[in-house]
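Take a look at the structure below.
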Amino acid sequence: MGTIVEVRGLVKRFGELAAVDDVSFAIEQGEIFGLLGPNGAGKTTTISMVSCLIDPTAGSITVDGNEVATAPGAVKSTLGVVPQEIALYPTLSAQENLAFWGQMYGLSGGALKSAVAEALELAGLADRAKERVEKYSGGMKRRINIAAGILHKPKVLLMDEPTVGIDPQSRNHILETVKQLNAAGMTVLYTSHYMEEVEYLCDRIAIMDHGKIIASGTLNELRDVVGGMDVVDVKVTEVTDCVLDRVREIEGVKQADRTDGAIQVLTPSSGSVLGKLVATLESEGAHVTSITVTEPNLESVFLHLTGKSLRD
């Protein structure tokens, strides 16, 4: 269907810090494109430049044929933006907030009323439309935050960490909303540090770390980076540097690191490694409480490329 967003050689410096360092990617019309990386990777800075909020130090951005540098007004009319921070007025109701933002997009009269009603329905909050936003839960605020970004039916929706700090029910609602919007033809640029969300939603993914894209492709293409190795997650009572070093010395262990109170191991043959792994950990006084073996995922790709957990 053609490229609708193209980012070329994008750089953003804050003094000596390169928050975004020579980033390039293209998003095809109608796809969900994910930017995955830990906090501080440069995802928000990238999205802020695409949305015309901050100027790049170098590089170029084209959205639907318009350059951000020369035609920011045309770019903004194409975009819907769902920022990481809640962009709502707490003392206004959800309905009043959406009516305000709809007017900012140039909607009025019947078109505005219809857009607000549709957005409230999409957020699943039509029955609480007249309640003040300050009385909403965190998840409800996130859902209205998204509703505000799609009132004008943008061609491209930019979503920056839209599920941070919310309950599972609201998170699932948001993920299904993204799927629904995309099925209706909306292109989505979705940033997150939650690999499960990106795996579930995205057609293609770019992994960012320290301002750079370190890998990109479909989920299967990224899994191939690991070379088909098994991922072994071992929950233990204690993980010290000494324990980790001993695990790395085991024959067949290609990589090992801490992750969420466990040790994650990459190995081409989990069957031949498990017995030695358990014996080594027990000999070091690290009691094993559970072991899980899975196929490669984005967490293992990130670990393979950087030597650290995505959640570090």
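In the structure tokens, each chain is lettered A, B, ... as it comes, each chain's residues begin at 1, and ligands are numbered from 1 in order of appearance.
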| task | Determine, counting only C-alpha atoms, which protein, DNA and RNA residues have an atom within 10 Å of an atom of Met104 of chain A; residues of the same chain fewer than 5 positions away are not included. Present the result as a count of residues only. | result | 3
| field | Shell around Thr78 of chain A at 9 Å using only C-alpha atoms, local window under 4 positions removed, as a ChimeraX atom specification | value | /A:63-64,73-74,153-157
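The nearest approach to Arg223 of chain A among the residues A:Val75, A:Leu107, A:Val278, A:Val301, with only C-alpha atoms taken into account, belongs to A:Val301.
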| field | Test item, alpha helix (DSSP H) assignment across segment 174-272 of chain A, answer as an MDAnalysis selection string | value | chainID A and resid 174:183 195:201 219:223 241:248 270:272
Convert the current residue selection to file output with N, CA and C atoms, as a CSV table (one decimal), in the first residue's frame.
chain,number,residue,atom,x,y,z
A,174,ILE,N,-7.3,-1.6,25.9
A,174,ILE,CA,-6.5,-0.7,25.0
A,174,ILE,C,-5.9,-1.5,23.9
A,175,LEU,N,-5.4,-2.7,24.2
A,175,LEU,CA,-4.8,-3.5,23.1
A,175,LEU,C,-5.8,-3.9,22.1
A,176,GLU,N,-7.0,-4.2,22.5
A,176,GLU,CA,-8.0,-4.6,21.5
A,176,GLU,C,-8.5,-3.4,20.8
A,177,THR,N,-8.5,-2.2,21.4
A,177,THR,CA,-8.8,-0.9,20.7
A,177,THR,C,-7.8,-0.7,19.6
A,178,VAL,N,-6.5,-0.9,19.9
A,178,VAL,CA,-5.5,-0.6,18.8
A,178,VAL,C,-5.8,-1.6,17.7
A,179,LYS,N,-6.1,-2.8,17.9
A,179,LYS,CA,-6.4,-3.8,16.9
A,179,LYS,C,-7.6,-3.3,16.1
A,180,GLN,N,-8.6,-2.8,16.8
A,180,GLN,CA,-9.8,-2.4,16.1
A,180,GLN,C,-9.6,-1.2,15.2
A,181,LEU,N,-8.8,-0.2,15.7
A,181,LEU,CA,-8.5,1.0,14.9
A,181,LEU,C,-7.7,0.6,13.7
A,182,ASN,N,-6.8,-0.3,13.8
A,182,ASN,CA,-5.9,-0.8,12.7
A,182,ASN,C,-6.8,-1.5,11.7
A,183,ALA,N,-7.7,-2.4,12.2
A,183,ALA,CA,-8.5,-3.1,11.2
A,183,ALA,C,-9.4,-2.2,10.4
A,195,MET,N,7.4,-6.3,26.0
A,195,MET,CA,7.6,-7.1,24.7
A,195,MET,C,6.3,-7.8,24.4
A,196,GLU,N,5.5,-8.3,25.4
A,196,GLU,CA,4.3,-9.0,25.1
A,196,GLU,C,3.3,-8.2,24.3
A,197,GLU,N,3.2,-6.9,24.6
A,197,GLU,CA,2.3,-6.1,23.8
A,197,GLU,C,2.8,-5.9,22.3
A,198,VAL,N,4.1,-5.7,22.2
A,198,VAL,CA,4.6,-5.5,20.8
A,198,VAL,C,4.5,-6.8,20.0
A,199,GLU,N,4.7,-8.0,20.7
A,199,GLU,CA,4.6,-9.2,20.0
A,199,GLU,C,3.1,-9.5,19.5
A,200,TYR,N,2.2,-9.1,20.4
A,200,TYR,CA,0.8,-9.3,20.1
A,200,TYR,C,0.3,-8.4,19.0
A,201,LEU,N,0.7,-7.1,19.0
A,201,LEU,CA,0.1,-6.1,18.2
A,201,LEU,C,0.8,-5.9,16.8
A,219,LEU,N,8.3,-10.3,13.7
A,219,LEU,CA,8.7,-11.0,14.9
A,219,LEU,C,9.5,-12.3,14.5
A,220,ASN,N,9.1,-13.0,13.5
A,220,ASN,CA,9.9,-14.2,13.1
A,220,ASN,C,11.3,-13.8,12.6
A,221,GLU,N,11.4,-12.7,11.9
A,221,GLU,CA,12.8,-12.3,11.5
A,221,GLU,C,13.6,-12.0,12.7
A,222,LEU,N,13.1,-11.3,13.7
A,222,LEU,CA,13.8,-11.0,14.9
A,222,LEU,C,14.2,-12.2,15.7
A,223,ARG,N,13.3,-13.2,15.7
A,223,ARG,CA,13.6,-14.4,16.4
A,223,ARG,C,14.7,-15.2,15.8
A,241,ASP,N,26.8,-12.4,41.4
A,241,ASP,CA,27.7,-12.3,40.3
A,241,ASP,C,28.5,-13.7,40.1
A,242,CYS,N,28.8,-14.2,41.3
A,242,CYS,CA,29.6,-15.5,41.2
A,242,CYS,C,28.7,-16.6,40.6
A,243,VAL,N,27.4,-16.7,41.0
A,243,VAL,CA,26.5,-17.7,40.5
A,243,VAL,C,26.4,-17.5,39.0
A,244,LEU,N,26.2,-16.3,38.6
A,244,LEU,CA,26.1,-16.0,37.1
A,244,LEU,C,27.3,-16.4,36.3
A,245,ASP,N,28.5,-16.1,36.9
A,245,ASP,CA,29.7,-16.5,36.2
A,245,ASP,C,29.8,-18.0,36.0
A,246,ARG,N,29.4,-18.8,37.1
A,246,ARG,CA,29.4,-20.2,37.0
A,246,ARG,C,28.5,-20.7,36.0
A,247,VAL,N,27.3,-20.1,35.9
A,247,VAL,CA,26.3,-20.6,34.8
A,247,VAL,C,26.9,-20.3,33.4
A,248,ARG,N,27.5,-19.2,33.2
A,248,ARG,CA,28.1,-18.9,31.9
A,248,ARG,C,29.2,-19.8,31.5
A,270,SER,N,18.3,-27.2,25.3
A,270,SER,CA,18.0,-27.1,26.7
A,270,SER,C,18.0,-28.4,27.4
A,271,GLY,N,17.7,-29.5,26.7
A,271,GLY,CA,17.7,-30.8,27.3
A,271,GLY,C,19.1,-31.2,27.8
A,272,SER,N,20.1,-30.9,27.1
A,272,SER,CA,21.5,-31.3,27.6
A,272,SER,C,22.1,-30.3,28.6
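Every protein or nucleic acid residue with an atom no more than 9 Å from Arg258 of chain A, counting only C-alpha atoms and leaving out same-chain residues fewer than 5 positions away, appears here: A:Val239, A:Leu244, A:Ile263, A:Gln264, A:Lys308, A:Ser309, A:Asp312.
Between atom CA of Asp55 of chain A and atom CA of Arg143 of chain A there is a distance of 28.5 Å.
Coordinates place atom CA of Asn145 of chain A at a distance of 9.2 Å from atom CA of Ala123 of chain A.
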| said: When you look at Val116 of chain A with a cut-off of 9 Å (counting only C-alpha atoms), what residues show up, excluding the ones that are within fewer than 2 positions of it in the same chain? I need them as a PyMOL selection string. | reply: chain A and resi 95+98-99+102+111-114+118-121+147-148+151
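Residue nearest Ser137 of chain A within the list A:Ser48, A:Gln169, A:Thr294, A:Asn97: A:Gln169 [criterion: smallest interatomic distance, only C-alpha atoms].
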| Polymer residues at most 6 Å from segment 207-212 of chain A, only C-alpha atoms, same-chain spacing of 3 or more positions, as a list in words | Ala19, Val20, Asp21, Val23, Leu35, Leu36, Gly37, Ala41, Gly42 and Ala215 of chain A
Write out, as a short mmCIF file (atom, residue, chain, number, x, y, z; two decimals), in the first residue's frame, the residues just selected, with C-alpha atoms.
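Produced file part.cif, reproduced below:
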data_model
loop_
_atom_site.label_atom_id
_atom_site.label_comp_id
_atom_site.auth_asym_id
_atom_site.auth_seq_id
_atom_site.Cartn_x
_atom_site.Cartn_y
_atom_site.Cartn_z
CA ALA A 19 19.08 10.77 22.78
CA VAL A 20 18.39 9.60 19.21
CA ASP A 21 21.41 8.59 17.16
CA VAL A 23 17.65 6.33 13.46
CA LEU A 35 9.31 0.74 18.71
CA LEU A 36 10.44 -1.54 21.52
CA GLY A 37 13.09 -0.69 24.07
CA ALA A 41 16.12 4.11 24.76
CA GLY A 42 14.96 7.17 22.78
CA ALA A 215 17.46 -4.69 15.03
#
| Which neighbours of segment 266-268 of chain A fall inside 8 Å, counting only C-alpha atoms, when residues of the same chain fewer than 4 positions from it are skipped, and could you give them as an MDAnalysis selection string? | chainID A and resid 228:232 252:256 273 300
Go ahead and write the residues just picked, N, CA and C atoms, as a PDB file, in the first residue's frame.
ATOM      1  N   GLY A 228      17.493 -19.680  16.675  1.00  0.00           N
ATOM      2  CA  GLY A 228      16.720 -20.854  17.056  1.00  0.00           C
ATOM      3  C   GLY A 228      17.056 -21.420  18.424  1.00  0.00           C
ATOM      4  N   MET A 229      17.752 -20.677  19.263  1.00  0.00           N
ATOM      5  CA  MET A 229      18.113 -21.187  20.586  1.00  0.00           C
ATOM      6  C   MET A 229      16.926 -21.186  21.543  1.00  0.00           C
ATOM      7  N   ASP A 230      16.938 -22.154  22.473  1.00  0.00           N
ATOM      8  CA  ASP A 230      15.922 -22.191  23.520  1.00  0.00           C
ATOM      9  C   ASP A 230      16.200 -21.102  24.550  1.00  0.00           C
ATOM     10  N   VAL A 231      15.112 -20.633  25.162  1.00  0.00           N
ATOM     11  CA  VAL A 231      15.220 -19.657  26.244  1.00  0.00           C
ATOM     12  C   VAL A 231      14.833 -20.367  27.538  1.00  0.00           C
ATOM     13  N   VAL A 232      15.765 -20.437  28.480  1.00  0.00           N
ATOM     14  CA  VAL A 232      15.530 -21.108  29.756  1.00  0.00           C
ATOM     15  C   VAL A 232      15.501 -20.066  30.857  1.00  0.00           C
ATOM     16  N   GLY A 252      27.457 -25.467  26.587  1.00  0.00           N
ATOM     17  CA  GLY A 252      26.151 -25.378  25.926  1.00  0.00           C
ATOM     18  C   GLY A 252      25.394 -24.106  26.242  1.00  0.00           C
ATOM     19  N   VAL A 253      25.836 -23.354  27.260  1.00  0.00           N
ATOM     20  CA  VAL A 253      25.217 -22.057  27.585  1.00  0.00           C
ATOM     21  C   VAL A 253      25.877 -20.990  26.723  1.00  0.00           C
ATOM     22  N   LYS A 254      25.111 -20.387  25.829  1.00  0.00           N
ATOM     23  CA  LYS A 254      25.651 -19.361  24.940  1.00  0.00           C
ATOM     24  C   LYS A 254      25.592 -17.973  25.553  1.00  0.00           C
ATOM     25  N   GLN A 255      24.589 -17.765  26.419  1.00  0.00           N
ATOM     26  CA  GLN A 255      24.457 -16.459  27.067  1.00  0.00           C
ATOM     27  C   GLN A 255      23.609 -16.621  28.310  1.00  0.00           C
ATOM     28  N   ALA A 256      23.896 -15.822  29.335  1.00  0.00           N
ATOM     29  CA  ALA A 256      23.118 -15.863  30.573  1.00  0.00           C
ATOM     30  C   ALA A 256      23.147 -14.492  31.225  1.00  0.00           C
ATOM     31  N   VAL A 273      21.414 -29.170  28.796  1.00  0.00           N
ATOM     32  CA  VAL A 273      21.945 -28.154  29.718  1.00  0.00           C
ATOM     33  C   VAL A 273      21.239 -28.154  31.062  1.00  0.00           C
ATOM     34  N   SER A 300      14.558 -12.444  24.558  1.00  0.00           N
ATOM     35  CA  SER A 300      15.801 -13.169  24.287  1.00  0.00           C
ATOM     36  C   SER A 300      16.582 -12.518  23.150  1.00  0.00           C
TER      37      SER A 300
END
| task | Pull the strand (DSSP E) assignments for segment 97-237 of chain A out of DSSP run on the backbone, and list those residues as JSON, numbers by chain. | result | {"A": [156, 157, 158, 159, 160, 187, 188, 189, 190, 191, 192, 204, 205, 206, 207, 208, 209, 212, 213, 214, 215, 216, 217, 230, 231, 232, 233, 234, 235, 236]}
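Proximity to Val226 of chain A was assessed for A:Met49, A:Val68, A:Leu305, A:Ala87 counting only C-alpha atoms; the smallest distance is recorded for A:Leu305.
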